[in-house]
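Undergrad: Input structure: data.cif, which contains mmCIF, C-alpha atoms.
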```
data_input
loop_
_atom_site.label_atom_id
_atom_site.label_comp_id
_atom_site.auth_asym_id
_atom_site.auth_seq_id
_atom_site.Cartn_x
_atom_site.Cartn_y
_atom_site.Cartn_z
CA MET P 3 -2.27 40.48 23.01
CA LYS P 4 -3.65 37.48 24.91
CA LYS P 5 -6.70 37.34 22.63
CA ILE P 6 -4.53 37.33 19.51
CA THR P 7 -2.30 34.61 20.97
CA LEU P 8 -5.32 32.48 21.91
CA LEU P 9 -6.88 32.98 18.48
CA PHE P 10 -3.61 31.99 16.79
CA LEU P 11 -3.33 28.92 19.04
CA ALA P 12 -6.94 27.88 18.35
CA LEU P 13 -6.47 28.24 14.58
CA THR P 14 -3.17 26.32 14.69
CA ILE P 15 -4.69 23.45 16.68
CA GLY P 16 -7.67 23.40 14.32
CA MET P 17 -5.38 23.14 11.29
CA PHE P 18 -3.42 20.25 12.80
CA ALA P 19 -6.60 18.44 13.84
CA LYS P 20 -7.76 18.49 10.21
CA ALA P 21 -4.36 17.54 8.71
CA GLN P 22 -3.90 14.22 6.93
CA GLN P 23 -2.82 11.49 9.36
CA THR P 24 -1.37 8.07 8.66
CA VAL P 25 -4.11 5.48 9.12
CA TYR P 26 -2.26 2.41 7.80
CA ALA P 27 1.30 1.70 6.62
CA GLU P 28 2.81 -1.50 5.23
CA ASN P 29 6.35 -1.90 3.90
CA PHE P 30 5.98 -5.61 3.02
CA GLU P 31 8.87 -6.79 5.17
CA SER P 32 6.95 -9.24 7.40
CA ASN P 33 9.92 -9.89 9.67
CA VAL P 34 11.99 -11.59 6.96
CA LYS P 35 15.77 -11.55 7.19
CA ALA P 36 17.80 -9.45 4.77
CA VAL P 37 20.08 -11.71 2.68
CA SER P 38 21.29 -9.93 -0.47
CA ASP P 39 20.04 -7.61 -3.20
CA GLY P 40 17.69 -9.50 -5.51
CA TYR P 41 17.01 -12.27 -2.98
CA MET P 42 13.48 -13.65 -3.29
CA TYR P 43 11.27 -15.02 -0.51
CA SER P 44 8.28 -17.05 -1.67
CA PHE P 45 5.66 -18.33 0.78
CA ALA P 46 1.96 -18.82 1.40
CA PRO P 47 0.53 -15.74 3.13
CA SER P 48 -0.90 -17.86 5.96
CA THR P 49 2.64 -18.75 7.08
CA LYS P 50 3.22 -15.06 7.90
CA ALA P 51 -0.06 -14.49 9.74
CA GLY P 52 0.39 -11.90 12.48
CA LYS P 53 3.82 -10.81 11.22
CA TRP P 54 2.99 -7.94 8.85
CA ASN P 55 4.17 -4.50 9.95
CA GLY P 56 0.82 -2.88 9.10
CA GLY P 57 -1.00 -5.30 11.38
CA VAL P 58 -3.22 -6.69 8.59
CA ASP P 59 -2.45 -10.11 7.09
CA LEU P 60 -2.04 -10.30 3.33
CA LYS P 61 -4.15 -12.90 1.52
CA THR P 62 -4.28 -14.59 -1.89
CA ALA P 63 -6.96 -16.79 -3.46
CA GLY P 64 -6.40 -20.34 -2.25
CA ASP P 65 -3.42 -19.20 -0.14
CA ALA P 66 -1.31 -19.03 -3.32
CA ASN P 67 2.32 -18.06 -2.79
CA ILE P 68 3.41 -14.44 -2.70
CA ASN P 69 6.92 -13.15 -3.32
CA LEU P 70 8.98 -10.61 -1.44
CA ARG P 71 12.02 -9.38 -3.37
CA GLN P 72 14.88 -7.75 -1.51
CA GLY P 73 16.16 -4.68 -3.26
CA TRP P 74 17.11 -1.04 -2.91
CA GLY P 75 19.12 -1.68 0.24
CA ASP P 76 17.67 -3.93 2.88
CA GLY P 77 14.04 -3.21 2.02
CA PHE P 78 11.59 -5.65 0.49
CA LEU P 79 9.06 -5.22 -2.27
CA LEU P 80 5.88 -7.22 -2.85
CA LYS P 81 6.49 -8.80 -6.26
CA ILE P 82 3.54 -9.98 -8.34
CA GLU P 83 4.43 -12.01 -11.44
CA SER P 84 2.52 -11.30 -14.66
CA LYS P 85 0.48 -14.47 -14.13
CA GLY P 86 0.74 -14.41 -10.35
CA ALA P 87 -2.05 -14.38 -7.81
CA ALA P 88 -3.61 -11.09 -6.80
CA VAL P 89 -2.69 -10.05 -3.27
CA THR P 90 -5.37 -8.66 -0.97
CA ILE P 91 -4.92 -6.53 2.13
CA PRO P 92 -8.33 -7.13 3.74
CA ASN P 93 -10.36 -4.99 6.12
CA ILE P 94 -8.01 -2.14 6.96
CA ASN P 95 -9.59 -0.16 9.82
CA VAL P 96 -10.33 3.39 8.62
CA ALA P 97 -13.24 4.14 10.98
CA GLY P 98 -13.54 7.83 11.78
CA PHE P 99 -11.40 9.00 8.86
CA THR P 100 -12.41 10.84 5.67
CA ASN P 101 -10.53 12.07 2.59
CA LEU P 102 -8.63 8.79 2.39
CA ASN P 103 -5.62 8.63 0.11
CA LEU P 104 -3.26 5.76 -0.80
CA SER P 105 0.39 6.41 -1.59
CA TYR P 106 2.75 3.66 -2.75
CA GLU P 107 5.91 2.97 -4.70
CA LEU P 108 5.87 0.90 -7.88
CA VAL P 109 8.54 -0.80 -9.97
CA VAL P 110 8.11 -2.70 -13.24
CA GLU P 111 10.71 -5.46 -13.51
CA ASP P 112 13.43 -5.56 -16.17
CA GLY P 113 13.11 -3.40 -19.28
CA GLY P 114 9.35 -3.43 -19.17
CA ASP P 115 7.34 -0.45 -20.27
CA ALA P 116 5.65 1.73 -17.69
CA VAL P 117 2.24 0.34 -16.76
CA ALA P 118 -0.70 1.52 -14.67
CA PRO P 119 -1.11 -1.02 -11.88
CA LYS P 120 -4.56 -2.45 -11.32
CA ILE P 121 -5.38 -1.74 -7.69
CA GLU P 122 -8.92 -2.37 -6.54
CA ALA P 123 -10.74 -1.26 -3.39
CA SER P 124 -13.68 -2.76 -1.53
CA ILE P 125 -15.64 -1.07 1.23
CA ASP P 126 -17.96 -4.04 1.80
CA GLY P 127 -15.51 -6.72 2.90
CA GLY P 128 -14.72 -7.90 -0.62
CA ALA P 129 -18.28 -8.46 -1.87
CA SER P 130 -17.68 -5.89 -4.63
CA TRP P 131 -14.59 -4.13 -5.97
CA VAL P 132 -13.91 -0.83 -7.74
CA THR P 133 -10.76 -0.19 -9.75
CA LEU P 134 -8.79 2.82 -8.54
CA HIS P 135 -7.58 5.34 -11.10
CA THR P 136 -3.81 4.76 -11.13
CA VAL P 137 -1.13 6.33 -13.30
CA ALA P 138 1.42 4.45 -15.42
CA SER P 139 4.83 4.36 -13.84
CA GLY P 140 7.77 2.24 -12.83
CA GLY P 141 9.08 1.18 -16.25
CA GLY P 142 12.41 -0.66 -16.39
CA TRP P 143 13.42 -0.78 -12.71
CA SER P 144 12.47 2.85 -12.15
CA LYS P 145 10.96 3.13 -8.65
CA ASP P 146 8.17 5.72 -8.75
CA ALA P 147 6.10 7.14 -5.88
CA LYS P 148 2.40 7.49 -6.66
CA SER P 149 -0.76 8.62 -4.91
CA VAL P 150 -4.42 7.85 -5.52
CA ALA P 151 -7.66 8.88 -3.81
CA LEU P 152 -9.64 6.09 -2.16
CA PRO P 153 -13.44 5.85 -2.44
CA SER P 154 -15.31 8.55 -0.56
CA GLY P 155 -18.04 7.76 1.91
CA ASN P 156 -18.58 6.77 5.49
CA TYR P 157 -17.23 3.25 5.95
CA LYS P 158 -15.28 1.48 8.68
CA THR P 159 -12.94 -0.76 6.67
CA ILE P 160 -11.40 -0.85 3.24
CA SER P 161 -9.76 -3.76 1.47
CA LEU P 162 -7.17 -3.35 -1.29
CA ARG P 163 -6.43 -5.90 -4.01
CA LEU P 164 -3.19 -5.69 -6.02
CA ASN P 165 -3.41 -7.44 -9.36
CA SER P 166 -0.77 -8.72 -11.75
CA ASN P 167 0.41 -6.71 -14.74
CA THR P 168 -1.58 -7.72 -17.84
CA VAL P 169 0.00 -5.18 -20.23
CA ASN P 170 3.24 -7.11 -20.72
CA ALA P 171 5.04 -10.11 -19.19
CA ASN P 172 6.98 -8.10 -16.61
CA ALA P 173 6.35 -8.50 -12.90
CA ILE P 174 5.34 -5.47 -10.88
CA MET P 175 6.59 -4.70 -7.39
CA PHE P 176 4.97 -2.57 -4.69
CA ASP P 177 6.47 -0.95 -1.62
CA ASN P 178 5.46 1.42 1.18
CA PHE P 179 1.66 1.35 1.07
CA ILE P 180 0.43 4.25 3.19
CA ILE P 181 -3.21 5.26 3.72
CA THR P 182 -3.76 8.75 5.08
CA GLY P 183 -6.99 10.47 6.06
CA LYS P 184 -8.55 13.28 8.06
CA GLN P 185 -10.13 12.54 11.40
#
```
Just give me the structure of the file as structure tokens.
TA:
Amino acid sequence: MKKITLLFLALTIGMFAKAQQTVYAENFESNVKAVSDGYMYSFAPSTKAGKWNGGVDLKTAGDANINLRQGWGDGFLLKIESKGAAVTIPNINVAGFTNLNLSYELVVEDGGDAVAPKIEASIDGGASWVTLHTVASGGGWSKDAKSVALPSGNYKTISLRLNSNTVNANAIMFDNFIITGKQ
């Protein structure tokens, strides 16, 4: 009986050791105060340095403004206008993890059609980027949860770049970026 119990315990611990774990999570709130549904914060990312919940500062080219829209309760969404600056989450530490996956929520503003967001990944500090295979979703204020595999390989950091919607004039909004992996 002891051998069976020990075998079961060893197998159970082995399964949990190989389970997906959260490596990074960002909800785009950055310690901003809830005001009212639809309220918009607009600021240069450098003014929120060190205040992002995921511990990695968001960046834009030339420190262009980013927007956080309050909605769906007291939560905030990262809103990127159709001609807005791409937002980068640079150098997320993923050392020691494999089978990386990104999950996120997406909304397309107003009555816009569902679009596939252009999310890019870089494993070399932003020297080169690959476009992730995303699925169209989020049309007309519909908040959809999505998941996409991140590049495979043995690397220590990954950067993500969220680009504006080029399919139509509607802004896109992201929430709850979560990277999971196996250690």
Undergrad: Would you kindly translate the PyMOL selection byres ((chain P and resi 161) around 10) into the concrete residues it picks from this file, as a tab-separated table (two decimals) with C-alpha atoms, keeping the file's coordinate frame?
TA:
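That gives us selection.tsv:
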```
chain	number	residue	atom	x	y	z
P	90	THR	CA	-5.37	-8.66	-0.97
P	91	ILE	CA	-4.92	-6.53	2.13
P	92	PRO	CA	-8.33	-7.13	3.74
P	93	ASN	CA	-10.36	-4.99	6.12
P	94	ILE	CA	-8.01	-2.14	6.96
P	95	ASN	CA	-9.59	-0.16	9.82
P	122	GLU	CA	-8.92	-2.37	-6.54
P	123	ALA	CA	-10.74	-1.26	-3.39
P	124	SER	CA	-13.68	-2.76	-1.53
P	125	ILE	CA	-15.64	-1.07	1.23
P	126	ASP	CA	-17.96	-4.04	1.80
P	127	GLY	CA	-15.51	-6.72	2.90
P	128	GLY	CA	-14.72	-7.90	-0.62
P	131	TRP	CA	-14.59	-4.13	-5.97
P	159	THR	CA	-12.94	-0.76	6.67
P	160	ILE	CA	-11.40	-0.85	3.24
P	162	LEU	CA	-7.17	-3.35	-1.29
P	163	ARG	CA	-6.43	-5.90	-4.01
```
Undergrad: Go through P:Pro153, P:Pro47, P:Gly40, P:Gly77 and flag the residue nearest Val96 in chain P, using all atoms listed in the file for the distances.
TA: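 Looking at the shortest contact to Val96 in chain P, the residue is P:Pro153.
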Undergrad: Report as a PyMOL selection string the full result of the PyMOL selection byres ((chain P and resi 105) around 7) when it is applied to this structure.
TA: chain P and resi 103-104+106+148-150+179-181
Undergrad: Residue by residue, what does the PyMOL selection byres ((chain P and resi 80) around 7) grab here? Present the result as JSON, numbers by chain.
TA: {"P": [30, 69, 70, 71, 78, 79, 81, 82, 175, 176, 177]}
Undergrad: May I have the residues within 7 Å of Gly56 in chain P as a PyMOL selection string, using only C-alpha atoms and disregarding those fewer than 6 positions away in the same chain?
TA: chain P and resi 26-28
Undergrad: Rounded to one decimal, what separation in Å do you get between CA of Lys61 in chain P and CA of Ser48 in chain P?
TA: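 Between CA of Lys61 in chain P and CA of Ser48 in chain P the gap is 7.4 Å.
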Undergrad: What gap, in Å, lies between CA of Gly155 in chain P and CA of Thr133 in chain P?
TA: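 One can read the CA of Gly155 in chain P to CA of Thr133 in chain P distance as 15.9 Å.
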Undergrad: Pick the closest to Thr49 in chain P from P:Ile68, P:Val137, P:Leu152, P:Ala36: which is it, counting only C-alpha atoms?
TA: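 Among P:Ile68, P:Val137, P:Leu152, P:Ala36, it is P:Ile68 that comes nearest to Thr49 in chain P.
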Undergrad: Using only C-alpha atoms, which residue out of P:Gly73, P:Gly183, P:Thr100, P:Glu83 lies closest to Gln23 in chain P?
TA: P:Gly183
Undergrad: Report the distance between CA of His135 in chain P and CA of Asn167 in chain P in Å, rounded to one decimal place.
TA: 14.9 Å
Undergrad: Pick from P:Leu102, P:Val37, P:Val109, P:Met42: nearest to Ser139 in chain P, with only C-alpha atoms counted?
TA: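 So, comparing all the options, the nearest one is P:Val109.
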Undergrad: Using all atoms listed in the file, find the one residue out of P:Leu108, P:Thr136, P:Phe99, P:Asp59 that sits nearest to Thr182 in chain P.
TA: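 Using all atoms listed in the file, Thr182 in chain P sits closest to P:Phe99.
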Undergrad: Which is closest to Tyr43 in chain P among P:Ala129, P:Gly86, P:Asn29, P:Asn67, if we use all atoms listed in the file?
TA: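 Ranking P:Ala129, P:Gly86, P:Asn29, P:Asn67 by distance to Tyr43 in chain P, first place goes to P:Asn67.
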Undergrad: Leaving out Gly141 in chain P and any residue of its chain fewer than 4 positions from it, which residues lie within 7 Å of it when counting only C-alpha atoms, given as a list in words?
TA: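 Returned residues: Val109, Val110, Gly113, Gly114, Asp115, Ala116 and Val117 of chain P.
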